[in-house]
>>> print(open('model_39.tsv').read())   # TSV, C-alpha atoms and all ligand atoms
chain	number	residue	atom	x	y	z
A	1	MET	CA	-5.78	-9.76	9.42
A	2	LEU	CA	-2.55	-11.71	9.88
A	3	GLY	CA	0.48	-9.62	10.82
A	4	THR	CA	-1.25	-6.41	11.76
A	5	GLY	CA	1.41	-3.72	11.41
A	6	LYS	CA	1.14	-0.32	9.71
A	7	ILE	CA	-0.77	-1.45	6.61
A	8	GLY	CA	-2.81	-4.07	8.44
A	9	GLU	CA	-3.96	-1.56	11.05
A	10	ALA	CA	-4.70	1.11	8.41
A	11	LEU	CA	-6.92	-1.37	6.56
A	12	LEU	CA	-8.53	-2.62	9.75
A	13	SER	CA	-9.43	0.87	10.96
A	14	GLY	CA	-10.83	1.75	7.51
A	15	MET	CA	-12.99	-1.38	7.47
A	16	ILE	CA	-14.40	-0.42	10.86
A	17	ARG	CA	-15.06	3.16	9.68
A	18	ALA	CA	-16.86	1.67	6.67
A	19	GLY	CA	-19.19	-0.36	8.88
A	20	TRP	CA	-17.56	-3.76	9.52
A	21	ALA	CA	-18.29	-4.86	13.09
A	22	PRO	CA	-15.03	-4.96	15.07
A	23	THR	CA	-16.26	-8.14	16.74
A	24	ASP	CA	-16.26	-9.85	13.30
A	25	LEU	CA	-12.60	-9.00	12.74
A	26	LEU	CA	-9.80	-11.23	13.99
A	27	VAL	CA	-6.23	-9.95	14.17
A	28	THR	CA	-2.89	-11.59	14.74
A	29	ALA	CA	0.35	-9.98	15.83
A	30	ARG	CA	3.78	-11.32	16.67
A	31	ARG	CA	4.01	-9.56	20.03
A	32	PRO	CA	1.25	-9.97	22.69
A	33	GLU	CA	1.46	-6.26	23.63
A	34	ARG	CA	0.76	-5.31	20.01
A	35	ALA	CA	-2.28	-7.65	19.99
A	36	ARG	CA	-3.58	-6.00	23.19
A	37	GLU	CA	-3.01	-2.54	21.71
A	38	LEU	CA	-5.08	-3.45	18.62
A	39	GLN	CA	-7.84	-4.87	20.81
A	40	GLU	CA	-7.97	-1.76	23.00
A	41	ARG	CA	-7.79	0.65	20.06
A	42	HIS	CA	-10.28	-1.03	17.72
A	43	GLY	CA	-12.28	-3.59	19.71
A	44	VAL	CA	-11.10	-6.42	17.46
A	45	THR	CA	-10.31	-9.94	18.66
A	46	PRO	CA	-6.67	-11.07	18.86
A	47	VAL	CA	-6.13	-14.72	17.95
A	48	THR	CA	-3.21	-16.91	16.91
A	49	ASN	CA	-2.38	-17.35	13.23
A	50	GLN	CA	-3.68	-20.91	13.37
A	51	GLU	CA	-6.97	-19.86	14.98
A	52	ALA	CA	-7.41	-17.18	12.32
A	53	ALA	CA	-6.71	-19.76	9.60
A	54	LYS	CA	-9.41	-22.03	10.98
A	55	GLN	CA	-12.06	-19.43	11.82
A	56	ALA	CA	-11.88	-16.54	9.34
A	57	ASP	CA	-13.75	-16.55	5.99
A	58	THR	CA	-11.05	-14.39	4.45
A	59	LEU	CA	-7.40	-14.27	5.46
A	60	ILE	CA	-5.61	-11.00	4.76
A	61	LEU	CA	-1.85	-11.45	5.04
A	62	THR	CA	-0.04	-8.18	5.79
A	63	VAL	CA	3.40	-9.31	6.97
A	64	LYS	CA	6.59	-8.19	5.24
A	65	PRO	CA	7.50	-10.22	2.16
A	66	GLN	CA	10.53	-11.58	4.04
A	67	ASP	CA	8.21	-12.97	6.79
A	68	MET	CA	5.65	-14.54	4.46
A	69	GLY	CA	7.40	-17.93	4.21
A	70	THR	CA	7.44	-18.37	8.00
A	71	LEU	CA	3.82	-17.27	8.29
A	72	LEU	CA	2.73	-19.71	5.58
A	73	ASP	CA	4.65	-22.55	7.28
A	74	GLU	CA	2.48	-21.91	10.36
A	75	LEU	CA	-0.73	-21.74	8.35
A	76	THR	CA	-0.69	-24.18	5.49
A	77	SER	CA	-2.10	-27.23	7.22
A	78	HIS	CA	-4.87	-25.15	8.87
A	79	VAL	CA	-6.34	-23.20	5.95
A	80	PRO	CA	-9.39	-24.94	4.42
A	81	ALA	CA	-9.22	-24.85	0.59
A	82	ASP	CA	-12.39	-22.74	0.23
A	83	ARG	CA	-10.95	-19.78	2.19
A	84	LEU	CA	-10.04	-16.66	0.31
A	85	VAL	CA	-6.43	-15.67	0.95
A	86	ILE	CA	-5.53	-12.05	0.19
A	87	SER	CA	-1.87	-11.07	0.17
A	88	GLY	CA	-0.97	-7.42	0.71
A	89	ALA	CA	2.77	-8.02	0.36
A	90	ALA	CA	5.03	-6.42	-2.22
A	91	GLY	CA	6.57	-8.67	-4.81
A	92	ILE	CA	5.23	-12.08	-3.84
A	93	PRO	CA	3.22	-13.66	-6.68
A	94	THR	CA	-0.04	-15.52	-6.14
A	95	SER	CA	1.69	-18.70	-7.37
A	96	TYR	CA	3.90	-18.59	-4.22
A	97	PHE	CA	0.78	-19.03	-2.07
A	98	GLU	CA	-0.89	-21.50	-4.42
A	99	GLU	CA	2.15	-23.78	-4.27
A	100	ARG	CA	2.06	-23.84	-0.47
A	101	LEU	CA	-1.69	-23.85	0.31
A	102	ALA	CA	-4.25	-26.61	-0.37
A	103	PRO	CA	-4.95	-27.23	-4.07
A	104	ASN	CA	-7.43	-24.74	-5.60
A	105	THR	CA	-7.20	-22.22	-2.73
A	106	PRO	CA	-8.35	-18.84	-4.12
A	107	VAL	CA	-5.65	-16.19	-3.76
A	108	VAL	CA	-5.91	-12.47	-4.52
A	109	ARG	CA	-2.90	-10.14	-4.56
A	110	VAL	CA	-3.39	-6.51	-3.55
A	111	MET	CA	-0.98	-3.60	-3.42
A	112	THR	CA	-2.40	-0.74	-1.40
A	113	ASN	CA	-0.68	2.35	0.05
A	114	THR	CA	-0.52	4.33	3.30
A	115	PRO	CA	-3.17	6.95	2.39
A	116	ALA	CA	-5.47	4.10	3.46
A	117	LEU	CA	-5.13	5.87	6.82
A	118	VAL	CA	-7.22	8.76	5.44
A	119	ASP	CA	-9.47	6.69	3.13
A	120	GLU	CA	-7.50	7.86	0.05
A	121	ALA	CA	-5.63	4.64	-0.73
A	122	MET	CA	-4.93	3.37	-4.22
A	123	SER	CA	-5.21	-0.42	-4.14
A	124	VAL	CA	-4.46	-2.54	-7.20
A	125	ILE	CA	-5.98	-6.01	-7.23
A	126	SER	CA	-5.10	-9.17	-9.18
A	127	ALA	CA	-6.61	-12.63	-9.18
A	128	GLY	CA	-4.59	-15.81	-8.73
A	129	SER	CA	-5.40	-18.93	-10.78
A	130	HIS	CA	-8.32	-20.06	-8.59
A	131	ALA	CA	-9.84	-16.70	-7.63
A	132	THR	CA	-13.28	-16.03	-9.14
A	133	ALA	CA	-15.11	-12.79	-9.94
A	134	ASP	CA	-16.78	-13.08	-6.51
A	135	HIS	CA	-13.40	-13.29	-4.79
A	136	LEU	CA	-12.18	-10.20	-6.64
A	137	ALA	CA	-15.38	-8.36	-5.76
A	138	HIS	CA	-14.91	-9.30	-2.11
A	139	ALA	CA	-11.34	-7.98	-2.14
A	140	GLU	CA	-12.62	-4.78	-3.78
A	141	GLU	CA	-15.24	-4.40	-1.08
A	142	ILE	CA	-12.58	-4.69	1.64
A	143	PHE	CA	-10.01	-2.38	0.05
A	144	GLY	CA	-12.75	-0.06	-1.26
A	145	ALA	CA	-13.29	0.81	2.40
A	146	VAL	CA	-10.02	2.75	2.39
A	147	GLY	CA	-9.97	4.35	-1.06
A	148	LYS	CA	-9.96	3.55	-4.76
A	149	THR	CA	-9.38	0.12	-6.23
A	150	LEU	CA	-8.25	-0.96	-9.69
A	151	ARG	CA	-8.03	-4.46	-11.17
A	152	VAL	CA	-4.80	-5.16	-13.04
A	153	PRO	CA	-3.23	-8.28	-14.55
A	154	GLU	CA	-0.78	-9.72	-12.07
A	155	SER	CA	2.04	-9.08	-14.55
A	156	GLN	CA	1.58	-5.34	-13.80
A	157	GLN	CA	1.72	-5.66	-10.01
A	158	ASP	CA	5.45	-4.93	-9.65
A	159	ALA	CA	5.06	-1.77	-11.74
A	160	CYS	CA	2.02	-0.71	-9.70
A	161	THR	CA	3.99	-1.30	-6.51
A	162	ALA	CA	6.63	1.13	-7.81
A	163	LEU	CA	4.02	3.72	-8.80
A	164	SER	CA	1.28	3.72	-6.19
A	165	GLY	CA	2.52	1.37	-3.43
A	166	SER	CA	5.68	3.41	-2.90
A	167	GLY	CA	4.20	6.54	-4.53
A	168	PRO	CA	3.27	8.45	-1.39
A	169	ALA	CA	6.94	8.31	-0.27
A	170	TYR	CA	8.04	10.22	-3.38
A	171	PHE	CA	5.56	13.02	-2.68
A	172	PHE	CA	6.62	13.21	0.99
A	173	TYR	CA	10.24	13.37	-0.21
A	174	LEU	CA	9.42	16.22	-2.61
A	175	VAL	CA	7.64	18.16	0.14
A	176	GLU	CA	10.65	17.65	2.41
A	177	ALA	CA	13.05	18.89	-0.29
A	178	MET	CA	10.86	21.86	-1.26
A	179	THR	CA	10.52	22.83	2.40
A	180	ASP	CA	14.34	22.87	2.60
A	181	ALA	CA	14.31	25.16	-0.42
A	182	GLY	CA	11.94	27.47	1.47
A	183	ILE	CA	14.46	27.59	4.34
A	184	LEU	CA	17.20	28.49	1.87
A	185	LEU	CA	15.00	31.31	0.58
A	186	GLY	CA	14.65	32.61	4.14
A	187	LEU	CA	11.20	31.38	5.19
A	188	PRO	CA	10.57	29.88	8.62
A	189	ARG	CA	10.24	26.07	8.41
A	190	ASP	CA	6.62	25.94	9.56
A	191	LYS	CA	5.52	28.53	7.00
A	192	ALA	CA	7.50	26.83	4.22
A	193	HIS	CA	5.88	23.52	5.17
A	194	ASP	CA	2.36	24.98	5.13
A	195	LEU	CA	2.88	26.68	1.77
A	196	ILE	CA	4.18	23.53	0.13
A	197	VAL	CA	1.58	21.21	1.66
A	198	GLN	CA	-1.33	23.42	0.59
A	199	SER	CA	0.20	23.75	-2.90
A	200	ALA	CA	0.46	19.96	-3.04
A	201	ILE	CA	-3.16	19.54	-1.95
A	202	GLY	CA	-4.34	22.15	-4.48
A	203	ALA	CA	-2.35	20.51	-7.27
A	204	ALA	CA	-3.61	17.03	-6.30
A	205	VAL	CA	-7.26	18.12	-6.33
A	206	MET	CA	-6.76	19.81	-9.74
A	207	LEU	CA	-5.12	16.66	-11.11
A	208	ARG	CA	-8.04	14.59	-9.87
A	209	ASP	CA	-10.96	16.91	-10.66
A	210	SER	CA	-10.09	19.29	-13.52
A	211	GLY	CA	-9.99	16.69	-16.30
A	212	GLU	CA	-6.91	18.52	-17.66
A	213	HIS	CA	-3.66	16.82	-18.63
A	214	PRO	CA	-0.79	17.53	-16.17
A	215	VAL	CA	1.19	19.18	-18.99
A	216	LYS	CA	-1.64	21.70	-19.52
A	217	LEU	CA	-1.90	22.35	-15.78
A	218	ARG	CA	1.84	23.01	-15.61
A	219	GLU	CA	1.74	25.24	-18.69
A	220	ASN	CA	-0.99	27.30	-17.03
A	221	VAL	CA	1.44	28.09	-14.18
A	222	THR	CA	4.37	28.83	-16.48
A	223	SER	CA	4.21	32.46	-17.65
A	224	PRO	CA	6.45	33.63	-20.52
A	225	ALA	CA	9.70	35.02	-19.10
A	226	GLY	CA	8.23	34.38	-15.67
A	227	THR	CA	9.47	32.63	-12.54
A	228	THR	CA	8.26	29.09	-13.08
A	229	ILE	CA	10.17	28.47	-16.31
A	230	ASN	CA	13.43	29.32	-14.49
A	231	ALA	CA	12.64	26.59	-11.97
A	232	ILE	CA	11.63	24.12	-14.69
A	233	ARG	CA	14.92	24.74	-16.53
A	234	GLU	CA	16.82	23.81	-13.35
A	235	LEU	CA	14.70	20.65	-12.90
A	236	GLU	CA	15.55	19.65	-16.48
A	237	ASN	CA	19.25	20.57	-16.04
A	238	HIS	CA	19.39	18.33	-12.97
A	239	GLY	CA	17.71	15.43	-14.74
A	240	VAL	CA	14.78	15.22	-12.34
A	241	ARG	CA	12.51	13.56	-14.92
A	242	ALA	CA	15.19	10.95	-15.72
A	243	ALA	CA	15.83	10.47	-11.99
A	244	LEU	CA	12.14	9.74	-11.37
A	245	ILE	CA	12.01	7.26	-14.24
A	246	ALA	CA	15.14	5.51	-12.92
A	247	ALA	CA	13.80	5.58	-9.35
A	248	LEU	CA	10.53	3.91	-10.24
A	249	GLU	CA	12.31	1.36	-12.37
A	250	ALA	CA	14.53	0.53	-9.37
A	251	ALA	CA	11.45	0.12	-7.16
A	252	ARG	CA	9.86	-2.18	-9.76
A	253	ASP	CA	13.07	-4.24	-9.90
A	254	ARG	CA	13.15	-4.58	-6.12
A	255	SER	CA	9.53	-5.75	-6.14
A	256	ARG	CA	10.57	-8.45	-8.63
A	257	GLU	CA	13.48	-9.45	-6.39
A	258	LEU	CA	11.15	-9.88	-3.43
A	259	ALA	CA	9.20	-12.49	-5.39
A	260	SER	CA	10.80	-15.41	-3.59
A	261	GLY	CA	9.77	-13.97	-0.22
A	262	ASN	CA	13.09	-14.98	1.27
A	263	ASN	CA	15.40	-12.03	0.68
A	301	LIG	N1	4.16	0.41	4.29
A	301	LIG	C1	3.64	0.61	3.09
A	301	LIG	O1	3.56	1.74	2.58
A	301	LIG	C2	3.10	-0.54	2.31
A	301	LIG	C3	3.34	-1.84	2.67
A	301	LIG	N2	2.83	-2.86	1.93
A	301	LIG	C4	3.08	-4.25	2.29
A	301	LIG	O2	2.43	-4.49	3.51
A	301	LIG	C5	3.17	-5.44	4.24
A	301	LIG	C6	3.37	-4.92	5.65
A	301	LIG	O3	4.09	-3.72	5.61
A	301	LIG	P1	4.06	-2.74	6.87
A	301	LIG	O4	2.68	-2.70	7.43
A	301	LIG	O5	4.72	-1.51	6.42
A	301	LIG	O6	5.03	-3.55	7.86
A	301	LIG	P2	4.97	-3.69	9.44
A	301	LIG	O7	6.30	-4.22	9.86
A	301	LIG	O8	4.45	-2.43	10.05
A	301	LIG	O9	3.86	-4.83	9.65
A	301	LIG	C7	4.08	-6.20	9.56
A	301	LIG	C8	3.61	-6.83	10.87
A	301	LIG	O10	3.61	-8.23	10.75
A	301	LIG	C9	3.98	-8.78	12.01
A	301	LIG	N3	4.38	-10.17	11.79
A	301	LIG	C10	5.48	-10.64	11.13
A	301	LIG	N4	5.47	-11.98	11.13
A	301	LIG	C11	4.35	-12.38	11.78
A	301	LIG	C12	3.79	-13.63	12.11
A	301	LIG	N5	4.38	-14.79	11.75
A	301	LIG	N6	2.62	-13.67	12.77
A	301	LIG	C13	1.99	-12.51	13.14
A	301	LIG	N7	2.48	-11.28	12.88
A	301	LIG	C14	3.64	-11.21	12.19
A	301	LIG	C15	5.09	-7.87	12.47
A	301	LIG	O11	5.30	-7.99	13.87
A	301	LIG	C16	4.52	-6.51	12.08
A	301	LIG	O12	3.72	-5.95	13.10
A	301	LIG	C17	4.45	-5.72	3.49
A	301	LIG	O13	4.34	-6.96	2.85
A	301	LIG	C18	4.54	-4.59	2.48
A	301	LIG	O14	5.13	-5.02	1.27
A	301	LIG	C19	1.99	-2.63	0.89
A	301	LIG	C20	1.70	-1.37	0.51
A	301	LIG	C21	2.27	-0.22	1.14
A	302	LIG	O1	8.71	-0.25	0.58
A	302	LIG	C1	8.04	-1.28	0.52
A	302	LIG	O2	8.58	-2.37	0.27
A	302	LIG	C2	6.55	-1.24	0.74
A	302	LIG	C3	5.81	-1.78	-0.46
A	302	LIG	C4	5.20	-0.58	-1.12
A	302	LIG	C5	5.40	0.49	-0.16
A	302	LIG	N1	6.11	0.11	0.86
>>> encode(input="model_39.tsv", output="C-alpha cells", more="lines below")
Ligand SMILES: NC(=O)C1=CN([C@@H]2O[C@H](COP(=O)(O)OP(=O)(O)OC[C@H]3O[C@@H](n4cnc5c(N)ncnc54)[C@H](O)[C@@H]3O)[C@@H](O)[C@H]2O)C=CC1
Ligand SMILES: O=C(O)[C@@H]1CCC=N1
Amino acid sequence: MLGTGKIGEALLSGMIRAGWAPTDLLVTARRPERARELQERHGVTPVTNQEAAKQADTLILTVKPQDMGTLLDELTSHVPADRLVISGAAGIPTSYFEERLAPNTPVVRVMTNTPALVDEAMSVISAGSHATADHLAHAEEIFGAVGKTLRVPESQQDACTALSGSGPAYFFYLVEAMTDAGILLGLPRDKAHDLIVQSAIGAAVMLRDSGEHPVKLRENVTSPAGTTINAIRELENHGVRAALIAALEAARDRSRELASGNN
C-alpha cells in the first residue's frame, strides 16, 4: 500500500480482517510517525516506496491524485513490468500509469469509498490495456475484503466516482441537514440525530433487500393528504432533485479535471 492515508488504511485493515497476514503487507507513508502508527496499529511492515516497488507482488497506490506524479517519479525505474499496479485515485486514467511505467505493466483502476471502514464499501474496478482477467480477479479479491465490487468500463469511472466514491458524503450531508431540521422542530440534537440515523439505516436496508423500486418505497410512506407529501412538495419547490443531478455532474467533471494528476 503506497501512501497509506484514510483510504489506504481502511483497505489495509479490511484485508487483515479478511485473513491477509499483516506480515505479508508492506506500507509506505510520507511521515515516519505515520509509518510507525500503522505498524503499531496493524502489525504491517513500513518500507520506502522504492522497497515496496521492488518487493511487493501488487502495488496499491492510494495517494491523492495531485501527489501521483511525484510518487510515480520515485517508482518508475523500480517497478518490474510483471507487477500489478492498482490505482485507487480519483480521476487519473490507467493510461497515465502505462505511459510512465515499464511497457506492458498491468494497471487496474479502482474507485472505492469510505464505508470500507465497516466492510460496506462499493468499489468499481476497470482494467487498463495490459490487465488480464486474473489481474481483475485479484483486484476484486482485495477490494472484496471491504465490501461489494463491480467491474465497469473505464469510461464510466468518473461517473462512478461522482456516485459511489463521493456518495457517502451526500448521505452524511443529508443527515446533518435533517438533524438541523429536528432542532428547528424542537428536538434535542442527540435525539434528532438518532431518529434520522436509524431512519437512514432502515431505508438503506429496505433499498438493498426489499427488491422494490425506490419510487414504490417512497409512495408507501406518502399517505393521501398526509404529512410526507407536504415535505415532498417543499423538496420539489426547492429543486432538490435538480440540485442532486447538478451536484453529481459537478463531481464527475472534477474527476475528469483531475485526470492529469497535476492540478
Ligand atoms: N477519501 C475518500 O472518500 C476516497 C478517496 N479516494 C482516493 O484515495 C486517495 C487517497 O485519499 P485519502 O485516503 O482520502 O487521502 P489521505 O490524504 O488521507 O491519504 C493519502 C496519503 O498519501 C500520503 N502520501 C502522499 N504522497 C506520498 C508519497 N510520495 N509517498 C508515500 N506517501 C505519500 C500522504 O501523506 C497521505 O497519508 C485519493 O487519490 C482519492 O482520490 C477514493 C475513494 C474515496
Ligand atoms: O473527494 C474526493 O476527491 C475523493 C474521491 C472520491 C471521494 N473522495
>>> axis_aligned_box(input="model_39.tsv", around="ligand LIG 301 (chain A)", padding_each_side="5 Å", output="AutoDock Vina command-line options")
--center_x 4.0 --center_y -6.5 --center_z 7.2 --size_x 14.6 --size_y 26.5 --size_z 23.4
>>> residues_near_ligand(input="model_39.tsv", ligand="ligand LIG 302 (chain A)", cutoff="8 Å", atoms="only C-alpha atoms and all ligand atoms", output="JSON, numbers by chain")
{"A": [64, 89, 90, 111, 112, 113, 114, 161, 162, 164, 165, 166, 167, 169, 255]}
>>> write_last_selection(input="model_39.tsv", atoms="C-alpha atoms", output="mmCIF file, in the frame of the given file")
data_model
loop_
_atom_site.group_PDB
_atom_site.id
_atom_site.type_symbol
_atom_site.label_atom_id
_atom_site.label_comp_id
_atom_site.auth_asym_id
_atom_site.auth_seq_id
_atom_site.Cartn_x
_atom_site.Cartn_y
_atom_site.Cartn_z
ATOM 1 C CA LYS A 64 6.590 -8.190 5.240
ATOM 2 C CA ALA A 89 2.770 -8.020 0.360
ATOM 3 C CA ALA A 90 5.030 -6.420 -2.220
ATOM 4 C CA MET A 111 -0.980 -3.600 -3.420
ATOM 5 C CA THR A 112 -2.400 -0.740 -1.400
ATOM 6 C CA ASN A 113 -0.680 2.350 0.050
ATOM 7 C CA THR A 114 -0.520 4.330 3.300
ATOM 8 C CA THR A 161 3.990 -1.300 -6.510
ATOM 9 C CA ALA A 162 6.630 1.130 -7.810
ATOM 10 C CA SER A 164 1.280 3.720 -6.190
ATOM 11 C CA GLY A 165 2.520 1.370 -3.430
ATOM 12 C CA SER A 166 5.680 3.410 -2.900
ATOM 13 C CA GLY A 167 4.200 6.540 -4.530
ATOM 14 C CA ALA A 169 6.940 8.310 -0.270
ATOM 15 C CA SER A 255 9.530 -5.750 -6.140
#
>>> atom_distance(input="model_39.tsv", atom1="CA of Phe143 (chain A)", atom2="CA of Met122 (chain A)")
8.8 Å
>>> closest_residue(input="model_39.tsv", among="A:Gly43, A:Gly202, A:Pro115, A:Gly186", to="Trp20 (chain A)", atoms="only C-alpha atoms")
A:Gly43
>>> residues_near_ligand(input="model_39.tsv", ligand="ligand LIG 301 (chain A)", cutoff="9 Å", atoms="all atoms listed in the file", output="PyMOL selection string")
chain A and resi 2-10+27-31+34+48-49+61-74+87-92+110-115+123+161+164-169+255
>>> closest_residue(input="model_39.tsv", among="A:Ser223, A:Ala52, A:Cys160, A:His135", to="Glu249 (chain A)", atoms="all atoms listed in the file")
A:Cys160
>>> residues_around(input="model_39.tsv", residues="Asp180 (chain A)", least_positions_apart="5", cutoff="9 Å", atoms="only C-alpha atoms", output="list in words")
Val175, Leu185, Arg189, Ala192 and His193 of chain A
>>> atom_distance(input="model_39.tsv", atom1="CA of Ala53 (chain A)", atom2="CA of Leu101 (chain A)")
11.3 Å
>>> residues_around(input="model_39.tsv", residues="Val108 (chain A)", least_positions_apart="6", cutoff="6 Å", atoms="all atoms listed in the file", output="ChimeraX atom specification")
/A:86,126-128
>>> residues_near_point(input="model_39.tsv", point="(-13.5, -26.0, 3.8)", cutoff="12 Å", atoms="only C-alpha atoms", output="list in words")
Ala53, Lys54, Gln55, Ala56, Asp57, Thr58, Ser77, His78, Val79, Pro80, Ala81, Asp82, Arg83, Leu84, Ala102, Pro103, Asn104, Thr105 and Pro106 of chain A
>>> residues_around(input="model_39.tsv", residues="Ala116 (chain A)", least_positions_apart="3", cutoff="7 Å", atoms="all atoms listed in the file", output="PyMOL selection string")
chain A and resi 10-11+113+119-121+146-147
>>> write_last_selection(input="model_39.tsv", atoms="C-alpha atoms", output="PDB file, in the frame of the given file")
ATOM      1  CA  ALA A  10      -4.700   1.110   8.410  1.00  0.00           C
ATOM      2  CA  LEU A  11      -6.920  -1.370   6.560  1.00  0.00           C
ATOM      3  CA  ASN A 113      -0.680   2.350   0.050  1.00  0.00           C
ATOM      4  CA  ASP A 119      -9.470   6.690   3.130  1.00  0.00           C
ATOM      5  CA  GLU A 120      -7.500   7.860   0.050  1.00  0.00           C
ATOM      6  CA  ALA A 121      -5.630   4.640  -0.730  1.00  0.00           C
ATOM      7  CA  VAL A 146     -10.020   2.750   2.390  1.00  0.00           C
ATOM      8  CA  GLY A 147      -9.970   4.350  -1.060  1.00  0.00           C
TER       9      GLY A 147
END
>>> closest_residue(input="model_39.tsv", among="A:His42, A:Arg151, A:His213, A:His238", to="Ala133 (chain A)", atoms="only C-alpha atoms")
A:Arg151
>>> atom_distance(input="model_39.tsv", atom1="CA of Val197 (chain A)", atom2="CA of Phe171 (chain A)")
10.1 Å
>>> closest_residue(input="model_39.tsv", among="A:Ala231, A:Ala251, A:Met178, A:Ala21", to="Asp194 (chain A)", atoms="all atoms listed in the file")
A:Met178
>>> residues_near_point(input="model_39.tsv", point="(-6.4, -3.5, -13.6)", cutoff="8 Å", atoms="all atoms listed in the file", output="VMD selection string")
chain A and resid 124 to 126 150 to 153
>>> write_last_selection(input="model_39.tsv", atoms="C-alpha atoms", output="CSV table (one decimal), in the frame of the given file")
chain,number,residue,atom,x,y,z
A,124,VAL,CA,-4.5,-2.5,-7.2
A,125,ILE,CA,-6.0,-6.0,-7.2
A,126,SER,CA,-5.1,-9.2,-9.2
A,150,LEU,CA,-8.2,-1.0,-9.7
A,151,ARG,CA,-8.0,-4.5,-11.2
A,152,VAL,CA,-4.8,-5.2,-13.0
A,153,PRO,CA,-3.2,-8.3,-14.6
>>> closest_residue(input="model_39.tsv", among="A:Ser129, A:Thr149, A:Asn237, A:Leu117", to="Glu99 (chain A)", atoms="all atoms listed in the file")
A:Ser129
>>> build_atoms(input="model_39.tsv", residues="region 113-130 of chain A", atoms="N, CA and C atoms", output="PDB file, in the coordinates of the input")
ATOM      1  N   ASN A 113      -1.701   1.382  -0.384  1.00  0.00           N
ATOM      2  CA  ASN A 113      -0.680   2.350   0.050  1.00  0.00           C
ATOM      3  C   ASN A 113      -1.128   3.068   1.330  1.00  0.00           C
ATOM      4  N   THR A 114      -0.216   3.799   1.959  1.00  0.00           N
ATOM      5  CA  THR A 114      -0.520   4.330   3.300  1.00  0.00           C
ATOM      6  C   THR A 114      -1.633   5.379   3.350  1.00  0.00           C
ATOM      7  N   PRO A 115      -1.985   6.073   2.274  1.00  0.00           N
ATOM      8  CA  PRO A 115      -3.170   6.950   2.390  1.00  0.00           C
ATOM      9  C   PRO A 115      -4.453   6.193   2.754  1.00  0.00           C
ATOM     10  N   ALA A 116      -4.366   4.883   2.873  1.00  0.00           N
ATOM     11  CA  ALA A 116      -5.470   4.100   3.460  1.00  0.00           C
ATOM     12  C   ALA A 116      -5.856   4.693   4.821  1.00  0.00           C
ATOM     13  N   LEU A 117      -4.880   5.291   5.488  1.00  0.00           N
ATOM     14  CA  LEU A 117      -5.130   5.870   6.820  1.00  0.00           C
ATOM     15  C   LEU A 117      -6.152   6.998   6.757  1.00  0.00           C
ATOM     16  N   VAL A 118      -6.274   7.651   5.592  1.00  0.00           N
ATOM     17  CA  VAL A 118      -7.220   8.760   5.440  1.00  0.00           C
ATOM     18  C   VAL A 118      -8.244   8.456   4.337  1.00  0.00           C
ATOM     19  N   ASP A 119      -8.470   7.151   4.112  1.00  0.00           N
ATOM     20  CA  ASP A 119      -9.470   6.690   3.130  1.00  0.00           C
ATOM     21  C   ASP A 119      -9.173   7.199   1.715  1.00  0.00           C
ATOM     22  N   GLU A 120      -7.892   7.417   1.396  1.00  0.00           N
ATOM     23  CA  GLU A 120      -7.500   7.860   0.050  1.00  0.00           C
ATOM     24  C   GLU A 120      -6.469   6.900  -0.552  1.00  0.00           C
ATOM     25  N   ALA A 121      -6.589   5.627  -0.201  1.00  0.00           N
ATOM     26  CA  ALA A 121      -5.630   4.640  -0.730  1.00  0.00           C
ATOM     27  C   ALA A 121      -5.845   4.424  -2.222  1.00  0.00           C
ATOM     28  N   MET A 122      -4.803   3.937  -2.871  1.00  0.00           N
ATOM     29  CA  MET A 122      -4.930   3.370  -4.220  1.00  0.00           C
ATOM     30  C   MET A 122      -4.539   1.909  -4.079  1.00  0.00           C
ATOM     31  N   SER A 123      -5.479   1.019  -4.297  1.00  0.00           N
ATOM     32  CA  SER A 123      -5.210  -0.420  -4.140  1.00  0.00           C
ATOM     33  C   SER A 123      -5.392  -1.107  -5.487  1.00  0.00           C
ATOM     34  N   VAL A 124      -4.358  -1.808  -5.932  1.00  0.00           N
ATOM     35  CA  VAL A 124      -4.460  -2.540  -7.200  1.00  0.00           C
ATOM     36  C   VAL A 124      -4.591  -4.038  -6.890  1.00  0.00           C
ATOM     37  N   ILE A 125      -5.506  -4.677  -7.614  1.00  0.00           N
ATOM     38  CA  ILE A 125      -5.980  -6.010  -7.230  1.00  0.00           C
ATOM     39  C   ILE A 125      -5.825  -6.969  -8.405  1.00  0.00           C
ATOM     40  N   SER A 126      -5.265  -8.154  -8.128  1.00  0.00           N
ATOM     41  CA  SER A 126      -5.100  -9.170  -9.180  1.00  0.00           C
ATOM     42  C   SER A 126      -5.533 -10.528  -8.664  1.00  0.00           C
ATOM     43  N   ALA A 127      -6.155 -11.292  -9.545  1.00  0.00           N
ATOM     44  CA  ALA A 127      -6.610 -12.630  -9.180  1.00  0.00           C
ATOM     45  C   ALA A 127      -5.508 -13.658  -9.404  1.00  0.00           C
ATOM     46  N   GLY A 128      -5.409 -14.625  -8.489  1.00  0.00           N
ATOM     47  CA  GLY A 128      -4.590 -15.810  -8.730  1.00  0.00           C
ATOM     48  C   GLY A 128      -5.368 -16.795  -9.605  1.00  0.00           C
ATOM     49  N   SER A 129      -4.799 -17.967  -9.832  1.00  0.00           N
ATOM     50  CA  SER A 129      -5.400 -18.930 -10.780  1.00  0.00           C
ATOM     51  C   SER A 129      -6.779 -19.421 -10.357  1.00  0.00           C
ATOM     52  N   HIS A 130      -7.053 -19.462  -9.053  1.00  0.00           N
ATOM     53  CA  HIS A 130      -8.320 -20.060  -8.590  1.00  0.00           C
ATOM     54  C   HIS A 130      -9.281 -19.016  -8.033  1.00  0.00           C
TER      55      HIS A 130
END
